[in-house]
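Note sheet for the following structure.
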2 protein chains.
Amino acid sequence: MVGVCEDEPALRSVLARALRAMDHEPVVAATAAEALRAFAKQRPDVMILDIGLPDADGRDLCLALRATGIDAPVLFLTARDGLHDKIAGFEAGGDDYLTKPFELDEVRVRLDALLRRTPGPAADTPGGPVLDPARHALVVGHTEVALTPTEFRLLGRLMAEPATVVRRHTLVAAAWPHGAMVSDNTLDSYVRRIRKKLEPLDLSAISTVRGVGYRWR
Amino acid sequence: MVGVCEDEPALRSVLARALRAMDHEPVVAATAAEALRAFAKQRPDVMILDIGLPDADGRDLCLALRATGIDAPVLFLTARDGLHDKIAGFEAGGDDYLTKPFELDEVRVRLDALLRRTPGPAADTPGGPVLDPARHALVVGHTEVALTPTEFRLLGRLMAEPATVVRRHTLVAAAWPHGAMVSDNTLDSYVRRIRKKLEPLDLSAISTVRGVGYRWR
DNA sequence: TCCTTACAGTCAGGTTCTCGCCAGGTCCCT
DNA sequence: AGGGACCTGGCGAGAACCTGACTGTAAGGA
């Protein structure tokens, strides 16, 4: 998830489209106030902030975001290329700085570099099973269970809401491409495969709720 | 502790002096080989690498450092400001990129930004295979395996993140020039070549993750 | 100049594994 | 008892990947 705060509509939509093309989900805002509200809710992994916003200086926005506990890296975007402006950007807590006009490819690689450095999700479940996208596997302690892409998406959706029942059609929507023709039994089949893979770890992980869906733990 | 690898003596001493003025302890090297030796010993918190080194490309040096478990952020320094050069720097695992001539103040704030994000030092794995950028070879113990440039970049990118799956498109981006037309099979082909070269060392090194990419362990 | 060598990229054929589904069985609810 | 919902083992198609060989290109040497 990438937060974008840019007042110019044209550039905003260009960025949103480019981000989607890079497999990122953009969260866009046109003003600082809007960004504060949206980012507090959606919790982006990295943020692109324009410095010249109508209602505030982008650097002040950065400080405000940090004050509310949002610690994602910030890439500043601006038309001003003076050295003092750059320095001010970094001193306000920015992590990178790009002057307009810029190439989208450069935005891409710099974003990737920032994301590479952000630590993974904090270990909130000590010792418990964790779905690790970097390894495409479920990791429990020192053992790991390899998952195929479809299994990974399915289990990911299930684990996203522990202890709550996820409906069958919701699971299908999450694990298969939009509009895919998936027979009813296919979902059962995959749940079975995952269960079988997790069997040796004997965590009674996935329970069925008849007529509704499945539940993790 | 800041690692510096720059072949031009004048610039090297300017950087060293500037770093000391910023309360950083510089570890300087003039060649890639020297840097590998010095940084493995002194474990810098962040590194400044020139791209145009006499004995190797700075990006290959970055890959080699990462392959030996040195994970500190890298700031590339170079006279070349083309977009493709920048992108290649980031794809090789760089974290920031600055073109000469530059202001020392900008180096300062960018270094600070990188250090701000750096967690504590990671554990290293002594005795493992080491990439040698100067000779374009993989050295394990007393035997060494010669690699072609493309093989070197590919293996370097893989070894940079041990145990994690590196996606196919990421590998292509790291091993081939930006925008190169690479047939799907070409990557497979190169992985095979590397596997074959490493076979006599019998380290079951590269495993494939179907539908995702490859992984170094 | 011609030959040799090495690297890059591609091709075709074979192999392995994912995917989606089927057919039959089991369980649970009415 | 009956029927719907889910489980279970397995199977066929095709994608993904492996493998060995081949071609083009560029550099270096005789």
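Here, A, B, ... name the chains of the structure tokens in the order displayed, residue numbers run from 1 inside each chain, and ligands are numbered from 1 in the same displayed order.
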- Message: With 8 Å as the limit and counting only C-alpha atoms (C1' of nucleotides), what residues in chain A lie close to chain D? Please list them as number ranges by chain.
- Response: A: 188, 192, 210-211
Written file, previous selection with C-alpha atoms, as a PDB file, in the first residue's frame:
ATOM      1  CA  ASP A 188     -12.840 -27.866  -0.845  1.00  0.00           C
ATOM      2  CA  ARG A 192      -7.836 -30.270   1.877  1.00  0.00           C
ATOM      3  CA  ARG A 210     -21.031 -25.874   7.440  1.00  0.00           C
ATOM      4  CA  GLY A 211     -23.008 -23.795   5.009  1.00  0.00           C
TER       5      GLY A 211
END
Using 10 Å as the limit and counting only C-alpha atoms (C1' of nucleotides), can you tabulate each residue of chain B that touches chain C, with its shortest atom-to-atom distance in Å and the two atoms involved, as a Markdown table?
| residue | atom | partner | partner_atom | distance |
| --- | --- | --- | --- | --- |
| B:Thr148 | CA | C:DC7 | C1' | 7.3 |
| B:Pro149 | CA | C:DC7 | C1' | 8.9 |
| B:Thr150 | CA | C:DA8 | C1' | 8.8 |
| B:Met181 | CA | C:DG9 | C1' | 9.9 |
| B:Val182 | CA | C:DG9 | C1' | 8.2 |
| B:Ser183 | CA | C:DT10 | C1' | 8.1 |
| B:Asn185 | CA | C:DT10 | C1' | 8.2 |
| B:Thr186 | CA | C:DG9 | C1' | 6.7 |
| B:Ser189 | CA | C:DG9 | C1' | 9.3 |
| B:Arg210 | CA | C:DC17 | C1' | 8.2 |
| B:Gly211 | CA | C:DT18 | C1' | 8.9 |
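Least-squares superposition puts chain B on chain A with a C-alpha RMSD of 16.4 Å, counting every Cα pair in order.
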List every residue of chain B that has an atom at most 6 Å from any atom of chain A, giving for each one its closest atom pair and the distance in Å to one decimal, counting only C-alpha atoms, sorted by chain and then by ascending residue number, as JSON lines.
{"residue": "B:Asp95", "atom": "CA", "partner": "A:Ala113", "partner_atom": "CA", "distance": 5.4}
{"residue": "B:Ala113", "atom": "CA", "partner": "A:Asp95", "partner_atom": "CA", "distance": 5.4}
{"residue": "B:Thr164", "atom": "CA", "partner": "A:Arg135", "partner_atom": "CA", "distance": 4.8}
{"residue": "B:Val165", "atom": "CA", "partner": "A:Arg135", "partner_atom": "CA", "distance": 5.1}
- Message: Among region 34-211 of chain B, which ones does DSSP assign to strand (DSSP E or B) (computed from the backbone)? Answer as a PyMOL selection string.
- Response: chain B and resi 46-50+52+57+74-78+96-99+130-132+137-140+143-146+165-167+206-209
Would you write out those residues with C-alpha atoms, as an mmCIF file, in the first residue's frame?
data_model
loop_
_atom_site.group_PDB
_atom_site.id
_atom_site.type_symbol
_atom_site.label_atom_id
_atom_site.label_comp_id
_atom_site.auth_asym_id
_atom_site.auth_seq_id
_atom_site.Cartn_x
_atom_site.Cartn_y
_atom_site.Cartn_z
ATOM 1 C CA VAL B 46 26.395 2.417 5.976
ATOM 2 C CA MET B 47 28.570 2.448 2.857
ATOM 3 C CA ILE B 48 29.456 4.967 0.163
ATOM 4 C CA LEU B 49 30.555 3.255 -3.031
ATOM 5 C CA ASP B 50 31.935 4.783 -6.203
ATOM 6 C CA GLY B 52 33.753 3.560 -11.447
ATOM 7 C CA ASP B 57 32.036 -2.112 -11.144
ATOM 8 C CA VAL B 74 24.618 1.612 0.155
ATOM 9 C CA LEU B 75 24.867 5.127 -1.256
ATOM 10 C CA PHE B 76 26.235 5.073 -4.789
ATOM 11 C CA LEU B 77 28.469 7.872 -6.008
ATOM 12 C CA THR B 78 29.126 8.353 -9.692
ATOM 13 C CA ASP B 96 20.483 5.807 -2.742
ATOM 14 C CA TYR B 97 22.284 7.372 -5.660
ATOM 15 C CA LEU B 98 24.143 10.654 -5.960
ATOM 16 C CA THR B 99 25.836 12.060 -9.048
ATOM 17 C CA VAL B 130 32.053 -15.527 -1.225
ATOM 18 C CA LEU B 131 31.578 -13.521 -4.407
ATOM 19 C CA ASP B 132 34.676 -11.835 -5.780
ATOM 20 C CA ALA B 137 34.106 -15.554 -9.432
ATOM 21 C CA LEU B 138 32.558 -17.446 -6.559
ATOM 22 C CA VAL B 139 35.152 -18.444 -4.003
ATOM 23 C CA VAL B 140 34.456 -21.206 -1.526
ATOM 24 C CA THR B 143 38.430 -23.463 -4.938
ATOM 25 C CA GLU B 144 36.959 -20.775 -7.130
ATOM 26 C CA VAL B 145 34.344 -20.900 -9.850
ATOM 27 C CA ALA B 146 34.631 -18.424 -12.727
ATOM 28 C CA VAL B 165 12.446 -16.314 -2.772
ATOM 29 C CA VAL B 166 13.545 -13.776 -5.381
ATOM 30 C CA ARG B 167 10.918 -13.297 -8.052
ATOM 31 C CA ILE B 206 19.615 -22.799 -5.812
ATOM 32 C CA SER B 207 16.136 -24.195 -5.390
ATOM 33 C CA THR B 208 13.242 -23.267 -7.620
ATOM 34 C CA VAL B 209 9.876 -22.138 -6.341
#
